[in-house]
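Asker: Please read through the structure below; I'll follow up with questions.
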Amino acid sequence: MNFQQMIRELQQFWSERGCILVQSYDVETGAGTLNPMTFLRALGPEPWNVAYVEPSRRPADGRYGENPNRLYQHHQFQVIMKPAPENIQEVYLESLQVLGLNPLEHDIRFVEDNWENPTFGAAGLGWEVWLDGMEITQFTYFQQVGSIDTELVSAEITYGLERLASYIQEKENVFDLEWVEGVAYGDVFYQAEYEHSKYTFEVSDEVFLFSQFESFEKEAARALDQSLVFPAYDYILKCSHTFNLLDARGSISVTERTGYIKRVRNLARRCAKSFIEEREKLGYPLLKKGGV
Amino acid sequence: MTHQFLFEIGCEEIPARFVRNAAKQFTEKTAKWFEEQRISFEEIQTFATPRRLTVAATGVAAKQNDQVELLRGPAAKIAKTEDGSWSKAALGFARKNGVDPISLELREEKGTEYIYAVKQVIGQGTQEVIAHSFSSVLESLTFPKTMRWEATKTKFIRPIRWLVCLFDSQVIPVSFAGVTADRITRGHRFLGNEIVISNADQYELVLKDQFVDVDMDERQNKIRHQLLELEKQNGWHIPIDLELLEEVTQLVEYPTVVSGQFETEYLELPKEVLITTMREHQRYFPVQDQSGTLLPYFVTIRNGDKNALRYVSQGNEKVLRARLADAQFFYLEDQKWSIENAKQKLEHIVYQEALGSMADRVERGRKLALALGELTGLSKEEREHLLRASSIAKFDQVTQMIGEFPELEGYMGREYALLQGENPKVAQALYEQVLPRHAEDELPTSRIGAILALADRFDSLVSGFGIGLSVSGSQDPYGFRKKAAVVVQLLLHHDTLNLSLTKCIDLALEVVEESGKLIHPKSEVKAELQEFFGLRLKALLTESAIRYDVIDAVLASEIDNLPFVLQKASVLMECVQHNHFKSETEGFIRVANLATKGNQHTVDRALLEASEEIKLYEAWSIASEEAKQAQNAMEVYKALSRMVPSIHSFFDHVMVMVDREEIKENRLALLKNIDQLVKSFAVFDSIVFEGE
């Protein structure tokens, strides 16, 4: 099964189970969790079921396209079901079957992993799902988002698409994965991997990036002052990505790190609080409709 | 006739490290609940897998034991009217407690007569009681980490998805966390189904059919047995790491061992890199040959049967190969750097903003290690090795391997140092610097290793306290408690180094001060650290079952010579059992009470008048000398205690606070000196005697 088919199968599967399909976000994110379709919608009492692919940027993981497993940008298939259905684990296991993975021929285990993203004040309890010893999915029940306890607990399912594909396609190197017949993963992403790595580690201008961080932070705060949640959140994402670039460049010392993380977390908390207030003012429209 | 009771909590996968304790707790709380409810039972069996916590009680009584309750009512004088009949108060008391007034009786208690109601409490049926209140047992279960799920506010280790509650063949519909108990359990995730349990005594069998081994020990033994089989088949030796064995036992419901292999070229990696990759990252058992050499195989425990084992094995091989390829890449890359290169890179790693870089830290550690080395009388060869080891310490921190496997710090330092031709003793000291890494870890064996390890912890503690970092409550972000405990452990273990705690702190403070990084006043930092170490010692002594008052007595004296502190504590633990100990303590306290009143320090022999005070003076001179010559703490104590008769007879016959100033001061000075001698051993005011 090629990469594209995998995405289509998963979209089909989750759409049949009541998730709306949306597209990847257009601001840089480090993970599918940070897409506002997850981060903001996980808050408050409104039901919400969504699935999407999220290209996720991890500047520090860039390896110039030379490492068979590590990437500047990888792809997550993200599912949120809020509230978590009673049989969510079974539904997830069923989804592996549409990818051609028969659990009777493998070893599938749920291994404790308590997920946490301190920068965004998000935390949950759950597992890494292991397929024959490989972590293929992060499965989390959100307990806190934006430093606020979740009112309804969402189940978050994050598939690591490259890992799954390398298993399914029996490839040792991510760049050899088949995107569609005749087109390899490397054909699509190799150049970008190389250039982003070079930029991140050798070329990026830390003076420029530091000033960007400050500007994004100010603008996010300004938008929050006007209760403009979504624009503010975009700037918080930009802060986070800029921080990741600086961190990968080695421009942030260990002690300064905590300070920067705290600055982003404070904004994320304000934003989360604001989102809940704004939804309340709107009278929780999705609650009336019985959710998405 | 007795009955069987079964309760199963069906969960999503419980973290492996919590399963055994959770099951044990469930059993204990169930037993306690039965006792509180006056329901007798023979025994409670515990079952647990990642997906279930179960108690099964046998010999359970059909109903609660009856009980006679004796209830005290008002005093007789209010309870009886003048004509001797029950008053309104007495009748009200009877009504409130549901007893017939005829059964009220008078009894005397402490000289007053009261009325008593004798109430027969008839035991209820066990099923009713379970239905009514067994859920309180579930509510009382606690876990180190809990979560919420769905809309129910219940917190538990992981979501509860089903409950089974059977009394013989009867379902008792106990509800908890939005789930109501029934007789339907779930088998293995992939090999089993939902299944009805007809009777409580069928539990184990029913689940065995569903590919679930519910008995933890049996499951563990099954794994052991399969590992043994593999060993036999292949002529392997598979060392059993108990922690890993327990973890894999609690990760599966139906274990089947699977082995796989990796390319022999990876065997060139340092052994611990292979072992850490397999054991810590993948939960595999590494495989050795009979002589203990690693072989290119591994064993994992599958949660399932023998079907398609080949795929499982291939999948795991692929994962391990990717990890080992990564490790090999790091290993080869790291070797392109010289130790000197690596040292320079330490300058770019921030240790603590206020304390400079990693290179600064190593430099402080080097100075301190050399100063400690001076104190301990190292040989010329040891001094050279210490000089080298302390100057290249921590160079491995900048290697890619440590970036990936931080737990191999020190170990990789040794490996790389050897590859770069360093002296093996220097390399070994680099490894020993990080020891002990955890509670059961090995300790440095070489003196230079121990000195490096001490210097590292002292620098971290002293420099940290020096800029105002500290510990509060459960917050210890810099791991200071553990570091101080390690210092204590090292000073005790390497007692031949003969290092004084205070001296170590002083030297470390000097080094930090010289580096210009000391912010807080030196004396304050020193006092804080001494108190901090005192607390570590207190914890250590408490763990060794030393009485708290003995601990206080010893620690109030001095905490400089740690081996001696421990000795004194155990000597006192022995002494407190003797009859004469009380009189000795009283003697020392009599001295201490007056000792503070004097201003003078030296005793003038010529001014001693009374024979009792001359005797005391002589006893003190002898004791001082004996204490100095003593070979161990017991001898010191004996020397001190030999003064006691003279002390008592002094106080019984000699008046201290006399009008003649010079006589009084001279007597007080004698007591002050004795007190000092005693307090260099222990402060006896802390000792508590029974009945006080």
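Here, A, B, ... name the chains of the structure tokens in the order displayed, residue numbers run from 1 inside each chain, and ligands are numbered from 1 in the same displayed order.
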Would you pick out the contacts of Lys517 of chain B at 9 Å or less, using only C-alpha atoms, so that residues sharing its chain but fewer than 3 positions from it are not included, and give the list as JSON, numbers by chain?

Answerer: {"B": [354, 355, 356, 463, 466, 467, 512, 513, 514]}

Asker: I need the chosen residues saved as a compact mmCIF listing (two decimals), in the first residue's frame, with N, CA and C atoms.

Answerer:
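Listing of again.txt after writing:
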```txt
# COMPACT_ATOMS: atom_id res chain seq x y z
N ALA B 354 23.91 31.15 35.89
CA ALA B 354 24.71 31.85 36.89
C ALA B 354 26.01 31.11 37.22
N LEU B 355 26.14 29.89 36.73
CA LEU B 355 27.33 29.11 37.10
C LEU B 355 28.22 28.80 35.90
N GLY B 356 27.86 29.36 34.76
CA GLY B 356 28.71 29.22 33.60
C GLY B 356 28.47 27.95 32.81
N SER B 463 27.90 24.90 44.60
CA SER B 463 27.68 26.01 43.66
C SER B 463 26.18 26.32 43.56
N GLY B 466 25.09 28.06 46.57
CA GLY B 466 25.78 29.35 46.57
C GLY B 466 25.07 30.41 45.74
N ILE B 467 24.26 29.98 44.73
CA ILE B 467 23.50 30.98 43.97
C ILE B 467 22.04 30.96 44.39
N VAL B 512 34.43 27.53 44.51
CA VAL B 512 33.34 28.29 43.89
C VAL B 512 33.57 29.78 44.07
N GLU B 513 34.05 30.15 45.24
CA GLU B 513 34.31 31.57 45.50
C GLU B 513 35.38 32.10 44.56
N GLU B 514 36.47 31.33 44.42
CA GLU B 514 37.55 31.74 43.52
C GLU B 514 37.06 31.95 42.10
```

Asker: Within 6 Å of chain A, which residues belong to chain B? Use only C-alpha atoms and report them as a ChimeraX atom specification.

Answerer: /B:15,149-150,302,308,312,315-316,319,350,353

Asker: Taking the backbone alone, and naming residues the way the document does, which bits of segment 28-243 of chain A are strand (DSSP E or B) by DSSP, as a count of residues only?

Answerer: 62

Asker: Pick out the residues sitting within 8 Å of Phe189 of chain A, and hand them over as an MDAnalysis selection string; count only C-alpha atoms, and ignore anything fewer than 4 positions along from it in its own chain.

Answerer: chainID A and resid 175 185 193

Asker: Find the residues around Leu535 of chain B up to 10 Å (only C-alpha atoms counted), leave out those fewer than 3 positions away in its own chain, and share them as a count of residues only.

Answerer: 12
